[in-house]
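What follows is the content of coords25.txt (compact mmCIF, C-alpha atoms and all ligand atoms).
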# COMPACT_ATOMS: atom_id res chain seq x y z
CA MET A 26 93.95 81.69 10.67
CA THR A 27 97.49 80.38 10.31
CA ILE A 28 97.73 76.73 11.33
CA ALA A 29 100.94 74.68 11.68
CA PHE A 30 100.36 70.98 10.97
CA LEU A 31 103.05 68.50 12.06
CA GLY A 32 102.71 64.93 10.77
CA LEU A 33 101.27 64.79 7.25
CA GLY A 34 100.76 61.02 7.01
CA ASN A 35 97.68 58.90 6.26
CA MET A 36 95.56 60.90 8.71
CA GLY A 37 97.37 64.24 8.94
CA GLY A 38 97.60 64.70 5.15
CA PRO A 39 93.84 64.73 4.49
CA MET A 40 93.11 66.59 7.77
CA ALA A 41 95.48 69.40 6.71
CA ALA A 42 93.87 69.41 3.24
CA ASN A 43 90.43 69.99 4.82
CA LEU A 44 91.82 72.97 6.77
CA VAL A 45 93.13 74.44 3.51
CA LYS A 46 89.69 73.94 1.91
CA ALA A 47 88.13 75.82 4.86
CA GLY A 48 90.27 78.86 3.99
CA HIS A 49 93.08 78.58 6.55
CA ASP A 50 96.77 79.15 5.78
CA VAL A 51 98.27 75.76 6.63
CA ILE A 52 102.04 75.41 7.09
CA GLY A 53 102.97 71.73 7.17
CA PHE A 54 106.00 69.83 8.41
CA ASP A 55 106.81 66.13 8.18
CA VAL A 56 110.16 64.31 8.33
CA SER A 57 109.15 62.51 5.13
CA PRO A 58 109.82 64.50 1.93
CA GLN A 59 107.15 62.39 0.20
CA ALA A 60 104.51 63.38 2.78
CA ARG A 61 105.51 67.06 2.40
CA ALA A 62 105.24 66.84 -1.40
CA THR A 63 101.79 65.21 -1.26
CA ALA A 64 100.55 67.86 1.21
CA ALA A 65 101.92 70.65 -1.00
CA GLN A 66 99.74 69.34 -3.85
CA GLN A 67 96.73 69.89 -1.54
CA GLY A 68 97.59 73.55 -0.95
CA VAL A 69 99.64 73.13 2.25
CA THR A 70 102.78 75.31 2.48
CA ALA A 71 105.33 72.59 3.18
CA VAL A 72 108.48 73.55 5.09
CA ASP A 73 111.44 71.40 6.12
CA ARG A 74 112.12 72.84 9.61
CA ILE A 75 109.82 72.86 12.65
CA PRO A 76 110.58 76.53 13.54
CA ASP A 77 109.47 77.61 10.04
CA ALA A 78 106.15 75.83 10.55
CA VAL A 79 105.26 77.07 14.02
CA SER A 80 106.69 80.57 14.52
CA THR A 81 103.80 82.44 12.81
CA ALA A 82 101.01 80.00 13.70
CA ASP A 83 97.91 80.76 15.81
CA THR A 84 97.28 77.03 16.24
CA ILE A 85 99.68 74.07 16.12
CA ILE A 86 98.29 70.61 15.42
CA THR A 87 100.32 67.41 15.81
CA MET A 88 99.25 64.08 14.22
CA LEU A 89 102.23 61.80 14.88
CA PRO A 90 102.90 58.07 15.39
CA ASN A 91 103.47 57.91 19.18
CA GLY A 92 103.99 59.76 22.45
CA ALA A 93 107.79 59.82 22.36
CA ILE A 94 107.74 61.48 18.93
CA VAL A 95 105.13 64.05 19.99
CA ARG A 96 107.17 64.91 23.10
CA GLY A 97 110.32 65.30 20.99
CA CYS A 98 108.47 67.64 18.63
CA TYR A 99 107.06 69.71 21.52
CA GLU A 100 110.56 70.17 22.97
CA GLU A 101 111.74 71.35 19.55
CA LEU A 102 108.80 73.63 18.75
CA LEU A 103 107.92 75.26 22.09
CA PRO A 104 110.77 77.83 22.05
CA PHE A 105 109.45 79.20 18.73
CA VAL A 106 105.70 79.38 19.43
CA GLN A 107 104.15 82.84 19.63
CA THR A 108 102.29 84.02 22.75
CA GLY A 109 98.60 83.07 22.73
CA ALA A 110 98.97 80.17 20.30
CA LEU A 111 96.88 77.04 20.96
CA LEU A 112 98.41 73.54 20.79
CA ILE A 113 96.25 70.57 19.73
CA ASP A 114 97.59 67.02 19.77
CA SER A 115 95.43 64.59 17.78
CA SER A 116 97.86 61.64 17.86
CA THR A 117 96.83 58.54 19.83
CA ILE A 118 99.19 58.47 22.83
CA SER A 119 99.05 57.48 26.51
CA VAL A 120 97.11 59.52 29.07
CA ASP A 121 100.39 60.11 30.95
CA ASP A 122 102.11 61.44 27.81
CA ALA A 123 99.09 63.66 27.06
CA ARG A 124 99.28 65.19 30.55
CA ALA A 125 103.05 65.66 30.24
CA LEU A 126 102.55 67.60 26.98
CA HIS A 127 99.94 69.77 28.68
CA THR A 128 102.42 70.55 31.48
CA LEU A 129 105.21 71.36 29.01
CA ALA A 130 102.91 73.84 27.23
CA ALA A 131 101.56 75.32 30.48
CA GLU A 132 105.12 75.99 31.68
CA ARG A 133 105.36 78.39 28.73
CA GLY A 134 101.93 79.91 29.40
CA LEU A 135 100.33 78.12 26.43
CA GLU A 136 96.94 76.38 26.21
CA GLN A 137 97.09 72.76 25.07
CA ILE A 138 94.46 70.06 24.50
CA ASP A 139 94.53 66.34 23.70
CA ALA A 140 92.15 65.68 20.80
CA PRO A 141 92.52 62.09 19.53
CA VAL A 142 90.17 60.97 16.78
CA SER A 143 88.21 58.01 15.54
CA GLY A 144 86.93 57.54 12.00
CA GLY A 145 90.12 56.45 10.24
CA VAL A 146 91.49 57.66 6.91
CA LYS A 147 87.97 57.65 5.47
CA GLY A 148 86.76 60.07 8.16
CA ALA A 149 89.92 62.19 7.84
CA THR A 150 89.32 62.56 4.10
CA ALA A 151 85.59 63.26 4.41
CA GLY A 152 86.07 65.71 7.31
CA THR A 153 83.83 63.60 9.58
CA LEU A 154 86.23 62.54 12.35
CA ALA A 155 84.99 62.18 15.93
CA PHE A 156 87.25 64.25 18.21
CA MET A 157 87.49 63.28 21.90
CA ILE A 158 88.94 66.20 23.80
CA GLY A 159 90.67 66.80 27.10
CA GLY A 160 91.42 70.35 28.22
CA THR A 161 90.03 73.50 29.79
CA ASP A 162 86.68 75.00 28.68
CA GLU A 163 88.53 78.05 27.27
CA ALA A 164 90.98 75.97 25.22
CA VAL A 165 88.27 73.66 23.90
CA GLY A 166 86.08 76.66 23.02
CA ALA A 167 88.96 78.17 21.05
CA ALA A 168 89.70 74.84 19.33
CA ARG A 169 86.18 74.19 18.04
CA SER A 170 86.32 76.48 14.99
CA VAL A 171 89.72 75.00 14.01
CA LEU A 172 88.50 71.42 14.38
CA ASP A 173 85.13 71.97 12.66
CA PRO A 174 86.29 71.44 9.02
CA MET A 175 87.81 68.08 10.06
CA ALA A 176 85.02 66.94 12.38
CA GLY A 177 81.70 65.13 12.33
CA LYS A 178 81.52 65.22 16.11
CA ILE A 179 83.43 67.03 18.88
CA ILE A 180 83.05 65.73 22.45
CA HIS A 181 84.65 67.55 25.39
CA CYS A 182 85.42 64.66 27.75
CA GLY A 183 87.02 66.53 30.67
CA GLY A 184 90.40 67.92 31.73
CA SER A 185 93.83 67.21 30.24
CA GLY A 186 94.19 63.53 29.22
CA ALA A 187 90.42 62.87 29.20
CA GLY A 188 90.31 62.64 25.40
CA GLN A 189 93.01 59.95 25.34
CA ALA A 190 91.30 58.15 28.24
CA ALA A 191 88.01 58.03 26.30
CA LYS A 192 89.76 56.84 23.14
CA LEU A 193 91.56 53.93 24.80
CA CYS A 194 88.45 52.81 26.74
CA ASN A 195 86.42 52.83 23.50
CA ASN A 196 89.04 50.87 21.57
CA MET A 197 89.46 48.27 24.34
CA LEU A 198 85.68 47.73 24.26
CA LEU A 199 85.73 47.54 20.44
CA ALA A 200 88.50 44.90 20.46
CA VAL A 201 86.54 42.71 22.87
CA GLN A 202 83.36 43.14 20.80
CA GLN A 203 85.09 42.31 17.49
CA ILE A 204 86.46 39.06 18.93
CA ALA A 205 83.07 38.21 20.50
CA VAL A 206 81.30 38.81 17.17
CA ALA A 207 83.85 36.53 15.44
CA GLU A 208 83.16 33.82 18.06
CA ALA A 209 79.40 34.09 17.44
CA PHE A 210 79.83 33.66 13.66
CA THR A 211 82.24 30.72 13.97
CA LEU A 212 79.95 28.96 16.47
CA ALA A 213 76.97 29.64 14.17
CA GLU A 214 78.89 28.13 11.22
CA LYS A 215 79.51 24.94 13.27
CA LEU A 216 75.78 24.85 14.14
CA GLY A 217 74.80 25.12 10.46
CA LEU A 218 73.32 28.61 10.75
CA GLN A 219 73.47 30.95 7.71
CA ASP A 220 75.59 34.10 8.19
CA GLN A 221 72.75 36.32 6.95
CA ALA A 222 70.28 34.82 9.42
CA LEU A 223 72.63 35.41 12.36
CA TYR A 224 73.31 38.97 11.17
CA ASP A 225 69.59 39.73 10.84
CA VAL A 226 68.86 38.38 14.31
CA ILE A 227 71.75 40.07 16.16
CA THR A 228 71.43 43.47 14.47
CA GLY A 229 67.77 43.55 15.57
CA ALA A 230 68.48 42.17 19.03
CA THR A 231 70.44 42.83 22.22
CA GLY A 232 73.82 41.68 20.89
CA ASN A 233 73.96 44.44 18.27
CA CYS A 234 77.06 46.64 18.07
CA TRP A 235 79.24 48.41 15.45
CA ALA A 236 81.54 45.36 15.24
CA ILE A 237 78.74 43.36 13.61
CA GLU A 238 76.48 45.98 12.08
CA SER A 239 79.19 47.90 10.14
CA ASN A 240 82.31 45.76 10.51
CA CYS A 241 80.73 42.33 10.02
CA PRO A 242 83.64 39.84 9.78
CA VAL A 243 81.98 37.59 7.16
CA PRO A 244 81.35 38.75 3.57
CA GLY A 245 77.78 39.45 2.49
CA PRO A 246 75.55 40.86 5.22
CA ALA A 247 77.26 44.30 5.53
CA PRO A 248 78.48 44.98 1.96
CA ALA A 249 80.89 47.80 2.96
CA SER A 250 82.71 45.82 5.69
CA PRO A 251 86.41 44.90 5.11
CA ALA A 252 85.48 41.17 5.00
CA ASN A 253 84.06 41.87 1.53
CA ASN A 254 87.43 43.20 0.37
CA ASP A 255 89.95 40.59 1.60
CA PHE A 256 90.14 42.48 4.91
CA ALA A 257 91.82 45.57 3.47
CA PRO A 258 91.53 48.08 6.34
CA GLY A 259 89.44 49.75 7.69
CA PHE A 260 91.32 49.86 10.92
CA ALA A 261 94.58 47.94 10.65
CA ALA A 262 95.41 45.27 13.25
CA ALA A 263 98.71 47.04 13.99
CA LEU A 264 96.84 50.20 15.02
CA MET A 265 94.44 48.22 17.21
CA ASN A 266 97.45 46.50 18.78
CA LYS A 267 99.05 49.91 19.47
CA ASP A 268 95.86 51.24 21.11
CA LEU A 269 95.45 48.08 23.22
CA GLY A 270 99.06 48.48 24.41
CA LEU A 271 98.15 51.99 25.64
CA ALA A 272 94.99 50.62 27.29
CA MET A 273 96.97 47.86 29.05
CA ASP A 274 99.54 50.41 30.29
CA ALA A 275 96.62 52.36 31.79
CA VAL A 276 95.13 49.19 33.32
CA VAL A 277 98.47 48.49 35.03
CA SER A 278 99.14 52.07 36.15
CA THR A 279 95.63 52.58 37.58
CA GLY A 280 95.13 49.09 39.04
CA ALA A 281 91.85 48.73 37.07
CA ARG A 282 90.62 45.19 36.40
CA ALA A 283 90.04 44.30 32.73
CA PRO A 284 90.37 40.52 32.23
CA LEU A 285 88.59 40.56 28.84
CA GLY A 286 90.57 43.60 27.69
CA GLU A 287 93.82 41.85 28.69
CA HIS A 288 92.82 38.72 26.77
CA ALA A 289 91.86 40.78 23.71
CA ALA A 290 95.21 42.61 23.89
CA GLN A 291 97.03 39.27 23.97
CA ILE A 292 95.04 37.97 20.96
CA TYR A 293 95.72 41.14 18.95
CA ARG A 294 99.43 41.14 19.89
CA VAL A 295 99.85 37.71 18.28
CA PHE A 296 97.52 38.49 15.36
CA SER A 297 99.16 41.83 14.58
CA ASP A 298 102.66 40.26 14.52
CA ARG A 299 101.51 38.09 11.62
CA PHE A 300 98.96 40.32 9.86
CA PRO A 301 99.68 43.95 10.81
CA ASN A 302 98.07 45.37 7.69
CA LEU A 303 94.80 43.42 7.68
CA ASP A 304 91.67 44.97 9.15
CA PHE A 305 91.34 43.97 12.81
CA SER A 306 88.07 42.11 12.04
CA ALA A 307 90.20 39.47 10.23
CA VAL A 308 90.86 38.08 13.72
CA ILE A 309 87.95 35.72 12.88
CA ASN A 310 90.39 33.68 10.76
CA THR A 311 92.33 32.71 13.90
CA LEU A 312 89.20 31.01 15.28
CA ARG A 313 88.54 28.85 12.23
P1 LIG B 401 101.26 57.71 9.55
O1 LIG B 401 102.42 56.86 9.91
O2 LIG B 401 100.61 57.55 8.23
O3 LIG B 401 101.66 59.27 9.69
C1 LIG B 401 102.52 59.77 10.67
C2 LIG B 401 103.41 60.81 9.99
O4 LIG B 401 104.27 61.38 10.98
C3 LIG B 401 104.31 60.21 8.90
O5 LIG B 401 104.12 60.91 7.69
C4 LIG B 401 105.74 60.41 9.46
O6 LIG B 401 106.69 60.67 8.45
C5 LIG B 401 105.53 61.62 10.34
N1 LIG B 401 106.55 61.78 11.37
C6 LIG B 401 107.21 60.82 12.10
N2 LIG B 401 108.08 61.40 12.95
C7 LIG B 401 107.97 62.74 12.76
C8 LIG B 401 108.60 63.88 13.36
N3 LIG B 401 109.52 63.75 14.31
N4 LIG B 401 108.26 65.11 12.91
C9 LIG B 401 107.32 65.26 11.93
N5 LIG B 401 106.70 64.23 11.32
C10 LIG B 401 107.02 62.99 11.75
O7 LIG B 401 100.20 57.52 10.74
P2 LIG B 401 98.64 57.90 10.73
O8 LIG B 401 97.85 56.71 10.31
O9 LIG B 401 98.49 59.20 10.04
O10 LIG B 401 98.39 58.08 12.30
C11 LIG B 401 98.79 59.26 12.99
C12 LIG B 401 98.22 59.17 14.41
O11 LIG B 401 96.81 59.04 14.35
C13 LIG B 401 98.72 57.94 15.19
O12 LIG B 401 98.95 58.33 16.53
C14 LIG B 401 97.58 56.95 15.06
O13 LIG B 401 97.53 56.03 16.14
C15 LIG B 401 96.39 57.88 15.06
N6 LIG B 401 95.18 57.35 14.40
C16 LIG B 401 95.26 56.71 13.22
C17 LIG B 401 94.10 56.23 12.61
C18 LIG B 401 94.15 55.52 11.27
O14 LIG B 401 93.15 54.89 10.90
N7 LIG B 401 95.25 55.59 10.52
C19 LIG B 401 92.86 56.41 13.22
C20 LIG B 401 92.80 57.10 14.43
C21 LIG B 401 93.98 57.57 15.01
Kindly return the structure encoded in the file as structure tokens.
Ligand code: NAD
Amino acid sequence: MTIAFLGLGNMGGPMAANLVKAGHDVIGFDVSPQARATAAQQGVTAVDRIPDAVSTADTIITMLPNGAIVRGCYEELLPFVQTGALLIDSSTISVDDARALHTLAAERGLEQIDAPVSGGVKGATAGTLAFMIGGTDEAVGAARSVLDPMAGKIIHCGGSGAGQAAKLCNNMLLAVQQIAVAEAFTLAEKLGLQDQALYDVITGATGNCWAIESNCPVPGPAPASPANNDFAPGFAAALMNKDLGLAMDAVVSTGARAPLGEHAAQIYRVFSDRFPNLDFSAVINTLR
């Protein structure tokens, strides 16, 4: 299969490399010459114009920083896409932007799905990303074999925009949990409780969650957590802040109530301004 891959950054670079390893012809485009050069070393055919990337492709994948950029790329690429090609957007963008992309593609008779991911650069490199997908049964069926070499898990969440909806709900919950876990450890410290004891109790009890079990914000109990490595990410605070911004836009536009999500978004807005490149679990330092 010939796959066009637009956006060869921290995530897109290794994702495209896994498609090459699976035997696909991957034609890559990125505005950054450095990203194109790195991808070329992984076997991607790097081109410096969008039409050259997409005009022979069966599938076009975008992995770009935000919704405005993805929309701009769609406007540029759609006139050159061949009939029957499938469009997959894996960027994290708003539900409204995801639906707008779907409409743009449908106006040209093309199938399009939103397929945001979780798993970070580690998952992108290992080919174990979790894909959350919104789109028709036919489009998702066609996408599965393309996504497989990059995926640990593929979940069809519903129609257009459902993948982005699932992603932002998950990340809002994660933000609240990471702050709550930090509060538990700082209270325990004040009460003279050992970190390991609290970890052992919570991970075997009803408060357990990924934010403590794998992303424990104190060094020691979970040796692979960013706290053991000066909070090198992991999942950078700036990315969590971006995702919470999308979640808060959705809260406002739908009229949903999310007081804890709103508070978490406010905490991460301030934290990310100061420490954008630390793992988001470093928020514990603001409580001490
Ligand atoms: P990144 O900044 O490393 O990569 C984005 C790439 O897009 C860059 O190489 C940039 O040069 C390129 N780009 C920008 N404008 C472009 C354009 N008009 N045409 C072509 N290329 C263009 O970002 P990333 O970490 O790879 O994230 C990509 C997307 O994945 C984002 O939406 C992010 O929120 C999401 N995401 C990231 C992670 C993570 O851990 N990094 C995890 C899950 C989801």
Next on the checklist: Please list as a ChimeraX atom specification every residue within 12 Å of Ala65 (chain A), counting only C-alpha atoms and excluding residues in the same chain fewer than 2 positions away.
Outcome noted: /A:33,38-39,41-42,45,51-55,58-63,67-73
Produce the centre coordinates and the three edge lengths, each in Å to one decimal, of the box along x, y and z that contains all listed atoms of ligand LIG 401 (chain B) with 5 Å added on each side, as lines of an AutoDock Vina configuration file.
center_x = 101.2
center_y = 60.1
center_z = 12.1
size_x = 26.7
size_y = 20.4
size_z = 18.8
Could you produce a table of the residues of chain A lying within 6 Å of ligand LIG 401 (chain B), with the nearest pair of atoms per residue and their separation in Å rounded to one decimal, using only C-alpha atoms and all ligand atoms, ordered by chain and increasing residue number, as a tab-separated table?
residue	atom	partner	partner_atom	distance
A:Leu31	CA	B:LIG401	C9	5.4
A:Gly32	CA	B:LIG401	O4	3.9
A:Leu33	CA	B:LIG401	O5	4.8
A:Gly34	CA	B:LIG401	O3	3.3
A:Asn35	CA	B:LIG401	O2	3.8
A:Met36	CA	B:LIG401	O9	3.6
A:Gly37	CA	B:LIG401	O9	5.3
A:Phe54	CA	B:LIG401	C9	5.9
A:Asp55	CA	B:LIG401	N5	3.7
A:Val56	CA	B:LIG401	N5	4.6
A:Ser57	CA	B:LIG401	O6	4.5
A:Ala60	CA	B:LIG401	O5	5.5
A:Met88	CA	B:LIG401	C11	5.0
A:Leu89	CA	B:LIG401	O4	4.4
A:Pro90	CA	B:LIG401	O12	4.1
A:Asn91	CA	B:LIG401	O12	5.3
A:Ile94	CA	B:LIG401	N3	5.4
A:Cys98	CA	B:LIG401	N3	5.9
A:Ser116	CA	B:LIG401	O12	3.7
A:Thr117	CA	B:LIG401	O12	3.9
A:Val142	CA	B:LIG401	C20	5.2
A:Ser143	CA	B:LIG401	C20	4.8
A:Gly145	CA	B:LIG401	O14	3.5
A:Val146	CA	B:LIG401	O14	5.1
A:Phe260	CA	B:LIG401	O14	5.4
A:Leu264	CA	B:LIG401	O13	6.0
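With all atoms listed in the file as the basis for measurement, A:Thr84 is the residue among A:Thr84, A:Thr27, A:Ser297, A:Ser185 that approaches Arg169 (chain A) most closely.
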Give one line per residue of region 178-220 of chain A that approaches region 118-134 of chain A to at most 7 Å, naming the two atoms of the closest pair and their distance in Å to one decimal, counting only C-alpha atoms; sort by chain then ascending residue number and deliver it as CSV.
residue,atom,partner,partner_atom,distance
A:Ser185,CA,A:Arg124,CA,5.8
A:Gly186,CA,A:Val120,CA,5.0
A:Gln189,CA,A:Val120,CA,5.6
A:Ala190,CA,A:Val120,CA,6.0
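From CA of Phe210 (chain A) back to CA of Leu223 (chain A), the distance works out to 7.5 Å.
Distance-wise, CA of Pro251 (chain A) and CA of Arg313 (chain A) end up 17.7 Å apart.
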Next on the checklist: Could you check the closest approach to Pro248 (chain A) for each of A:Ala262, A:Asp50, A:Gln221, A:Glu214 and tell me which residue wins, using all atoms listed in the file?
Outcome noted: A:Gln221
